[in-house]
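Working notes, beginning with the structure itself.
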Amino acid sequence: MSNGALVQISDLTKTFDISSPWLERVIERKPRQYLTAVEEVSFDIERGTTYALVGESGSGKSTIARMLVGLMKPTRGSVHVDGVNPDSASAEDVLKFRRQIQMIFQDPYASMNPRWRVSEIVAEPIVTLGLLSGRDAVVRRVGELLEQVGLSARDAGRFPHEFSGGQRQRICIARALASNPEFIVCDEPTSALDVSVQAQVLNLMRDLQRDLKLTYLFITHDLAVVRYMADQIGVLYLGRLVESAARDRLFSAPSHPYTQMLLDAAPRLDGFGRQHQSDSSEIPDPINRPSGCHFHPRCSRAKSNCAVESPQTQTAGASRVACFYPS
Amino acid sequence: MSDNTAQPLLRVRDLVVEIPTRRGLLRPVNGVSFDVERGEILGVVGESGAGKSITGAAIIGLLDSPSRIASGEVWLDGERIDNLDNEGLRKVRGRQIGTIFQDPLTSLNPLLPIGDQLAETAMVHLSISRAEARERALAALVEVGIPAAAQRIDAYAHEFSGGMRQRVVIALALIAEPRFVIADEPTTALDVSVQAQILSLLRSLCVKRNTGVMLITHDMGVIAETTDRVAVLYAGRLAEIGPTRDVVESPGHPYSRGLMAATPSPSELADKDLRLNQIPGSMPGLLDVPAGCAFHPRCEFVKDRCRNAVPTSYPSGNSHSACFLHDAEALS
Ligand SMILES: Nc1ncnc2c1ncn2[C@@H]1O[C@H](COP(=O)(O)OP(=O)(O)OP(=O)(O)O)[C@@H](O)[C@H]1O
Ligand SMILES: Nc1ncnc2c1ncn2[C@@H]1O[C@H](COP(=O)(O)OP(=O)(O)OP(=O)(O)O)[C@@H](O)[C@H]1O
Ligand SMILES: [Mg+2]
Ligand SMILES: [Mg+2]
């Protein structure tokens, strides 16, 4: 455990039981079925930095986020934030944990009650965690928070539907900041926003990080956004962390063949008329993940052992890669 | 029908779509004009609500009531198609125009094996025998890269993955050999690796058959890699249209400039001190489109004229921009 790490995730694993109902199973003689959404994932996040998780749909990004904020219990492994493990903490520590961690979701509208005024939405963590007493103090704090995210204290009396998508995401950010958290988990915070508005929200999040010394876990599948926001990047494939490296290292010298494929496939603004190699490999079924290294059926470097053994994570400097034949 | 090669394949002129609502008359498409040539991919880009899908729906006569074309013209291969009756439209769709939508399940019948669906479409539009149609269906599946197509031809849509389904939809859109294809966010729901496959497939098929394509997306990277020309829509109007490289590298309209600056290229992103350019505000809703140029409240170059008059299209480099900055007469 390094000293500066605010967040420590070790051997985090989540298995879902997706068996059909008992009666159906008995009648049709079907076995129980499990889906391993996250498998032995370990990484640390240093204080004041941004760790980005990337990976395609179903790779386990949101599941990790949910376990991190305590919305879901891990099947195995553990999460520590500032030394506190929410699963074995005292009541006092759980309260501290809830104040320290907040989450921002992809769809700002779905994550707020449409009948609440902005003031109630933003004040909710302050009230439920009992952080301030007295109506005036709460109102003042809500106004402060709204100004901090580039809205106005006057917006407090309005309803969410009166705002644009980007403004709604600002409201969510204001609410997330209300408990003075150190750590914010952002699950695709700008994926539902238009590009010109996305830039406003990303810049705001970077400014807040600098001013408030925030630590972020930033989940996205947009590699340009990752490159703009992240210090460290973890690449997930079918629940496993296949590569973890510093931003510049990952983009200039990706080591895992899957990372290389992702970087190559992403459409680029300077990629005029670029022809992609037209293989027709598909993302496999998460229920029946391929044996050995899950990526081997799509991998041009795969040898016979890749289909049998699962590669251990190798460390090279600050980078880690789970591949028998990394480059 | 005459093969009128002197004309552009698709010609849209001053298209206006209106939607009467209780709160007022909306114009989601407000005077849009463009052409698409044979074998050309025209990208249509713009933010959510800019009018991209409604423009596409208006061209193929698939507007949901009460939306309607209020004025303007749509010509396909020298034939006017915006005023056809239902029967005429049905023939144009499928035979002359193929469609690919974001959700492949909207185009595929869940109760029919995909091979039957393909063969059906081929029979209706090409007047060929059942046996011949089945052969075409198989050839189409092979062409779009369905592995083991001969074994998969009698499978149902739900038995395919998202990427494979979208390949089937492309096969369906192209089986009647249409001259023009509208693809509305065909890869938005797919992962990048699959997206790359689908877009190169679409591109190679269209080049091979000289088909014109209108590719609707909000992804500037997709535009750069896939299209020949691009039209930038803002609040129902065309802000700029021109060769893709020109619009991406030297946009003429302040809105396109803002869009490009907000989506940096990999080399710009390598710079640690980069700060994303942000356009203040957001696109207005249809009930609050400002007078004059719809972009003027967000524009750093705004002049009095922009608040009062709607700019027409002016040449800007190799492109055309609806912005008074390019009004040569006003400048001189
Ligand atoms: N509650 C659940 N029950 C069963 N399976 C689940 C559950 N939640 C997630 N999964 C499965 O776990 C896998 C990982 O899902 P997760 O939502 O973490 O992916 P993700 O990386 O966030 O994907 P996306 O980019 O689509 O949001 C998927 O295969 C998903 O279907
Ligand atoms: N039946 C309707 N009644 C009222 N407004 C409508 C109706 N259909 C569409 N609109 C509006 O017309 C505008 C243009 O819609 P359109 O679907 O063309 O946008 P788009 O550019 O395709 O956006 P997106 O990127 O979100 O798909 C939007 O503001 C939309 O809300
Ligand atoms: Mg997710
Ligand atoms: Mg649309």
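Each chain in the structure tokens gets a letter, A, B and so on, in the order shown; residues start at 1 in every chain, and ligands are counted from 1 in the order they appear.
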Run DSSP on the backbone and give me the residues of segment 92-206 of chain B it puts in alpha helix (DSSP H), as a PyMOL selection string. chain B and resi 92-95+114-126+130-143+149-152+162-174+192-206
With a cut-off of 10 Å, could you pull out the residues of chain A touching ligand 3 and give me the nearest pair of atoms for each, distance in Å to one decimal, using only C-alpha atoms and all ligand atoms, ordered by chain and ascending number, as CSV?
residue,atom,partner,partner_atom_place_in_ligand_line,distance
A:Gly55,CA,ligand 3,1 (Mg),9.6
A:Glu56,CA,ligand 3,1 (Mg),9.1
A:Ser57,CA,ligand 3,1 (Mg),6.9
A:Gly58,CA,ligand 3,1 (Mg),7.0
A:Ser59,CA,ligand 3,1 (Mg),8.3
A:Gly60,CA,ligand 3,1 (Mg),7.1
A:Lys61,CA,ligand 3,1 (Mg),5.6
A:Ser62,CA,ligand 3,1 (Mg),4.1
A:Thr63,CA,ligand 3,1 (Mg),7.3
A:Ile64,CA,ligand 3,1 (Mg),9.3
A:Ala65,CA,ligand 3,1 (Mg),8.7
A:Arg66,CA,ligand 3,1 (Mg),9.8
A:Phe105,CA,ligand 3,1 (Mg),9.4
A:Gln106,CA,ligand 3,1 (Mg),8.6
A:Asp187,CA,ligand 3,1 (Mg),6.8
A:Glu188,CA,ligand 3,1 (Mg),7.4
A:Ile219,CA,ligand 3,1 (Mg),7.9
A:Thr220,CA,ligand 3,1 (Mg),8.2
A:His221,CA,ligand 3,1 (Mg),9.2
Output all heavy atoms for every residue in the selection just made, as a CSV table (one decimal), in the first residue's frame.
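What ended up in part38.csv:
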chain,number,residue,atom,x,y,z
A,55,GLY,N,-13.4,0.7,-21.0
A,55,GLY,CA,-13.7,-0.7,-21.4
A,55,GLY,C,-15.1,-0.7,-22.1
A,55,GLY,O,-15.8,0.3,-22.0
A,56,GLU,N,-15.3,-1.7,-22.9
A,56,GLU,CA,-16.6,-1.7,-23.7
A,56,GLU,C,-17.8,-2.0,-22.8
A,56,GLU,O,-17.6,-2.4,-21.7
A,56,GLU,CB,-16.4,-2.6,-24.9
A,56,GLU,CG,-15.3,-2.1,-25.8
A,56,GLU,CD,-15.0,-2.9,-27.0
A,56,GLU,OE1,-14.3,-3.9,-26.9
A,56,GLU,OE2,-15.4,-2.5,-28.1
A,57,SER,N,-18.9,-2.0,-23.4
A,57,SER,CA,-20.1,-2.2,-22.7
A,57,SER,C,-20.1,-3.6,-22.1
A,57,SER,O,-19.7,-4.6,-22.7
A,57,SER,CB,-21.3,-2.1,-23.7
A,57,SER,OG,-22.5,-2.2,-23.0
A,58,GLY,N,-20.5,-3.6,-20.8
A,58,GLY,CA,-20.5,-4.9,-20.1
A,58,GLY,C,-19.2,-5.3,-19.5
A,58,GLY,O,-19.1,-6.4,-19.0
A,59,SER,N,-18.2,-4.5,-19.6
A,59,SER,CA,-16.9,-4.9,-19.1
A,59,SER,C,-16.8,-4.8,-17.5
A,59,SER,O,-15.8,-5.3,-16.9
A,59,SER,CB,-15.8,-4.1,-19.7
A,59,SER,OG,-16.0,-2.7,-19.5
A,60,GLY,N,-17.8,-4.2,-16.9
A,60,GLY,CA,-17.8,-4.2,-15.4
A,60,GLY,C,-17.5,-2.9,-14.8
A,60,GLY,O,-17.4,-2.8,-13.6
A,61,LYS,N,-17.5,-1.8,-15.6
A,61,LYS,CA,-17.2,-0.5,-15.0
A,61,LYS,C,-18.1,0.0,-14.0
A,61,LYS,O,-17.8,0.3,-12.9
A,61,LYS,CB,-17.1,0.5,-16.2
A,61,LYS,CG,-16.2,0.2,-17.3
A,61,LYS,CD,-16.2,1.2,-18.4
A,61,LYS,CE,-17.5,1.4,-19.2
A,61,LYS,NZ,-17.9,0.3,-20.0
A,62,SER,N,-19.4,-0.1,-14.3
A,62,SER,CA,-20.4,0.4,-13.4
A,62,SER,C,-20.5,-0.5,-12.1
A,62,SER,O,-20.8,0.0,-11.0
A,62,SER,CB,-21.8,0.5,-14.0
A,62,SER,OG,-21.8,1.4,-15.1
A,63,THR,N,-20.3,-1.8,-12.3
A,63,THR,CA,-20.3,-2.7,-11.2
A,63,THR,C,-19.2,-2.3,-10.2
A,63,THR,O,-19.5,-2.3,-9.0
A,63,THR,CB,-20.2,-4.1,-11.7
A,63,THR,OG1,-21.2,-4.4,-12.6
A,63,THR,CG2,-20.4,-5.1,-10.5
A,64,ILE,N,-18.1,-2.0,-10.7
A,64,ILE,CA,-17.0,-1.6,-9.8
A,64,ILE,C,-17.4,-0.3,-9.1
A,64,ILE,O,-17.2,-0.1,-7.9
A,64,ILE,CB,-15.7,-1.3,-10.6
A,64,ILE,CG1,-15.1,-2.7,-11.1
A,64,ILE,CG2,-14.6,-0.6,-9.7
A,64,ILE,CD1,-13.9,-2.6,-11.9
A,65,ALA,N,-18.0,0.7,-9.8
A,65,ALA,CA,-18.4,1.9,-9.2
A,65,ALA,C,-19.4,1.7,-8.1
A,65,ALA,O,-19.3,2.3,-7.0
A,65,ALA,CB,-19.0,2.8,-10.3
A,66,ARG,N,-20.3,0.8,-8.3
A,66,ARG,CA,-21.4,0.6,-7.3
A,66,ARG,C,-20.8,0.0,-6.1
A,66,ARG,O,-21.2,0.3,-4.9
A,66,ARG,CB,-22.5,-0.3,-7.9
A,66,ARG,CG,-23.4,0.4,-8.8
A,66,ARG,CD,-24.6,-0.4,-9.2
A,66,ARG,NE,-24.9,-0.1,-10.5
A,66,ARG,CZ,-24.8,-0.9,-11.6
A,66,ARG,NH1,-24.5,-2.2,-11.4
A,66,ARG,NH2,-25.1,-0.5,-12.8
A,105,PHE,N,-23.9,10.4,-12.0
A,105,PHE,CA,-24.3,9.4,-12.9
A,105,PHE,C,-24.4,9.9,-14.3
A,105,PHE,O,-24.4,11.2,-14.5
A,105,PHE,CB,-25.6,8.8,-12.6
A,105,PHE,CG,-25.7,8.1,-11.2
A,105,PHE,CD1,-26.0,8.8,-10.1
A,105,PHE,CD2,-25.3,6.7,-11.1
A,105,PHE,CE1,-26.0,8.1,-8.9
A,105,PHE,CE2,-25.3,6.1,-9.9
A,105,PHE,CZ,-25.7,6.8,-8.8
A,106,GLN,N,-24.6,9.0,-15.3
A,106,GLN,CA,-24.6,9.4,-16.7
A,106,GLN,C,-25.8,10.3,-17.0
A,106,GLN,O,-25.7,11.3,-17.7
A,106,GLN,CB,-24.7,8.2,-17.6
A,106,GLN,CG,-25.1,8.5,-19.0
A,106,GLN,CD,-24.9,7.2,-19.9
A,106,GLN,OE1,-24.6,6.2,-19.4
A,106,GLN,NE2,-25.1,7.4,-21.2
A,187,ASP,N,-19.7,8.1,-13.1
A,187,ASP,CA,-20.0,7.0,-14.1
A,187,ASP,C,-20.6,7.7,-15.4
A,187,ASP,O,-21.7,8.0,-15.4
A,187,ASP,CB,-21.0,6.1,-13.5
A,187,ASP,CG,-21.1,4.8,-14.3
A,187,ASP,OD1,-20.5,4.7,-15.4
A,187,ASP,OD2,-21.8,3.8,-13.8
A,188,GLU,N,-19.7,7.8,-16.4
A,188,GLU,CA,-20.1,8.4,-17.7
A,188,GLU,C,-20.8,9.7,-17.5
A,188,GLU,O,-21.9,9.9,-18.0
A,188,GLU,CB,-21.1,7.4,-18.4
A,188,GLU,CG,-20.6,6.0,-18.5
A,188,GLU,CD,-20.1,5.5,-19.9
A,188,GLU,OE1,-20.0,6.4,-20.7
A,188,GLU,OE2,-19.9,4.3,-20.0
A,219,ILE,N,-15.4,7.1,-15.1
A,219,ILE,CA,-15.7,6.0,-15.9
A,219,ILE,C,-16.3,6.5,-17.2
A,219,ILE,O,-17.1,7.4,-17.3
A,219,ILE,CB,-16.8,5.1,-15.3
A,219,ILE,CG1,-16.2,4.4,-14.1
A,219,ILE,CG2,-17.4,4.1,-16.2
A,219,ILE,CD1,-17.2,3.6,-13.3
A,220,THR,N,-15.7,6.0,-18.3
A,220,THR,CA,-16.2,6.4,-19.6
A,220,THR,C,-15.8,5.4,-20.7
A,220,THR,O,-14.9,4.6,-20.4
A,220,THR,CB,-15.7,7.8,-20.0
A,220,THR,OG1,-16.0,8.2,-21.3
A,220,THR,CG2,-14.1,7.8,-19.9
A,221,HIS,N,-16.4,5.5,-21.9
A,221,HIS,CA,-15.8,4.7,-22.9
A,221,HIS,C,-15.2,5.6,-24.0
A,221,HIS,O,-14.8,5.1,-25.1
A,221,HIS,CB,-16.9,3.7,-23.5
A,221,HIS,CG,-18.1,4.4,-24.0
A,221,HIS,ND1,-19.2,4.5,-23.2
A,221,HIS,CD2,-18.3,5.1,-25.1
A,221,HIS,CE1,-20.1,5.2,-23.8
A,221,HIS,NE2,-19.6,5.6,-25.0
Using only C-alpha atoms and all ligand atoms, determine which residues fall within 9 Å of ligand 4, then list them as a PyMOL selection string. chain B and resi 48-54+56+102+184-185+216-218
Could the residues of chain B that have an atom at most 9 Å from chain A be listed as CSV, each with its closest atom pair and the distance in Å to one decimal, counting only C-alpha atoms and ordered by chain and ascending residue number?
residue,atom,partner,partner_atom,distance
B:Gly46,CA,A:Asp194,CA,8.7
B:Glu47,CA,A:Asp194,CA,5.7
B:Ser48,CA,A:Asp194,CA,6.7
B:Gly145,CA,A:Ser280,CA,6.9
B:Ile146,CA,A:Ser280,CA,8.2
B:Pro147,CA,A:Ser280,CA,8.2
B:Ser161,CA,A:Glu282,CA,8.1
B:Gly163,CA,A:Glu282,CA,7.5
B:Met164,CA,A:Glu282,CA,8.3
B:Leu190,CA,A:Ser57,CA,8.3
B:Asp191,CA,A:Glu56,CA,5.9
B:Val192,CA,A:Ala266,CA,5.7
B:Ser193,CA,A:Ala265,CA,5.2
B:Val194,CA,A:Glu282,CA,7.1
B:Gln195,CA,A:Ala265,CA,8.0
B:Ala196,CA,A:Ala265,CA,5.8
B:Gln197,CA,A:Ser278,CA,5.5
B:Ile198,CA,A:Ser278,CA,8.7
B:Leu199,CA,A:His276,CA,8.9
B:Ser200,CA,A:His276,CA,6.5
B:Leu201,CA,A:Ser278,CA,7.7
B:His218,CA,A:Asp194,CA,8.0
B:Asp219,CA,A:Pro267,CA,8.5
B:Met220,CA,A:Leu269,CA,6.3
B:Gly221,CA,A:Leu269,CA,4.4
B:Val222,CA,A:Pro267,CA,5.5
B:Ile223,CA,A:Leu269,CA,8.0
B:Ala224,CA,A:Phe272,CA,5.1
B:Glu225,CA,A:Phe272,CA,4.6
B:Thr226,CA,A:Gly273,CA,6.0
B:Thr227,CA,A:Gly273,CA,7.5
B:Asp228,CA,A:Gly273,CA,8.2
B:Thr244,CA,A:Phe272,CA,8.2
B:Arg245,CA,A:Phe272,CA,7.0
B:Val248,CA,A:Leu269,CA,7.6
B:Glu249,CA,A:Asp270,CA,8.7
B:Gly258,CA,A:Ser196,CA,7.1
B:Leu259,CA,A:Ser196,CA,5.8
B:Met260,CA,A:Leu269,CA,8.6
B:Ala261,CA,A:Ser196,CA,8.7
B:Ala262,CA,A:Ser196,CA,5.8
B:Thr263,CA,A:Val195,CA,7.0
B:Pro264,CA,A:Leu269,CA,7.4
B:Ser265,CA,A:Leu269,CA,5.3
B:Pro266,CA,A:Arg268,CA,7.3
B:Ser267,CA,A:Asp270,CA,8.8
B:Leu269,CA,A:Tyr228,CA,6.4
B:Ala270,CA,A:Asp248,CA,7.6
B:Lys272,CA,A:Tyr228,CA,8.0
B:Leu274,CA,A:Tyr228,CA,8.1
B:Arg275,CA,A:Asn203,CA,7.2
B:Leu276,CA,A:Ala199,CA,5.9
B:Asn277,CA,A:Ala199,CA,6.7
B:Gln278,CA,A:Ala199,CA,5.3
B:Ile279,CA,A:Ser196,CA,5.7
B:Pro280,CA,A:Gln200,CA,7.8
B:Gly281,CA,A:Val197,CA,7.7
B:Ser282,CA,A:Val197,CA,6.7
B:Met283,CA,A:Ser164,CA,8.8
What's around Arg76 of chain A at 10 Å? Count only C-alpha atoms, leave out sequence neighbours fewer than 5 positions away in its own chain, and write the answer as number ranges by chain. A: 10-15, 38-40
Suppose we keep C-alpha atoms; can you now write the selection as a PDB file, in the first residue's frame?
ATOM      1  CA  SER A  10      -7.917  -5.247  -3.939  1.00  0.00           C
ATOM      2  CA  ASP A  11      -9.027  -8.471  -5.555  1.00  0.00           C
ATOM      3  CA  LEU A  12     -12.463  -7.021  -6.061  1.00  0.00           C
ATOM      4  CA  THR A  13     -14.817  -9.631  -7.496  1.00  0.00           C
ATOM      5  CA  LYS A  14     -18.543  -9.601  -8.199  1.00  0.00           C
ATOM      6  CA  THR A  15     -20.497 -12.615  -9.304  1.00  0.00           C
ATOM      7  CA  VAL A  38     -15.787  -8.170 -12.060  1.00  0.00           C
ATOM      8  CA  GLU A  39     -12.889 -10.526 -11.399  1.00  0.00           C
ATOM      9  CA  GLU A  40      -9.946  -9.902  -9.061  1.00  0.00           C
TER      10      GLU A  40
END
Atom CA of Pro160 of chain A to atom 24 (P, counted along the ligand's line) of ligand 2, straight-line distance in Å: 20.3 Å
To one decimal place, how far is atom CA of Ala322 of chain A from atom CA of Ser310 of chain A in Å? 8.5 Å
May I ask for the distance between atom CA of Asp136 of chain A and atom CA of His161 of chain A, given in Å to one decimal place?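 That distance, rounded to one decimal, is 25.7 Å.
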Among segment 206-245 of chain A, which ones does DSSP assign to strand (DSSP E or B) (computed from the backbone)? Answer as a ChimeraX atom specification. /A:215-219,232-237,240-245
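The list of residues with at least one atom within 10 Å of segment 289-291 of chain A, based on only C-alpha atoms and without residues fewer than 4 positions apart in the same chain, reads Leu35, Thr36, Leu238, Gly239, Ile283, Pro284, Asp285, Phe295, His296, Pro297, Cys306, Ala307, Val308, Glu309 and Ser310 of chain A.
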From the set A:Val79, A:Leu214, A:Ala137, A:Cys186, which residue has the shortest atom-to-atom contact distance to ligand 1, counting only C-alpha atoms and all ligand atoms? A:Cys186
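Residues in contact range of Phe218 of chain A, defined as at most 7 Å between only C-alpha atoms, with sequence neighbours fewer than 3 positions away removed, read Thr50, Tyr51, Ala52, Leu53, Val185, Cys186 and Asp187 of chain A.
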Which of these, B:Val169, B:Leu25, B:Leu138, B:Ala189, has the shortest distance to ligand 1 once you count only C-alpha atoms and all ligand atoms?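 Counting only C-alpha atoms and all ligand atoms, the residue closest to ligand 1 is B:Ala189.
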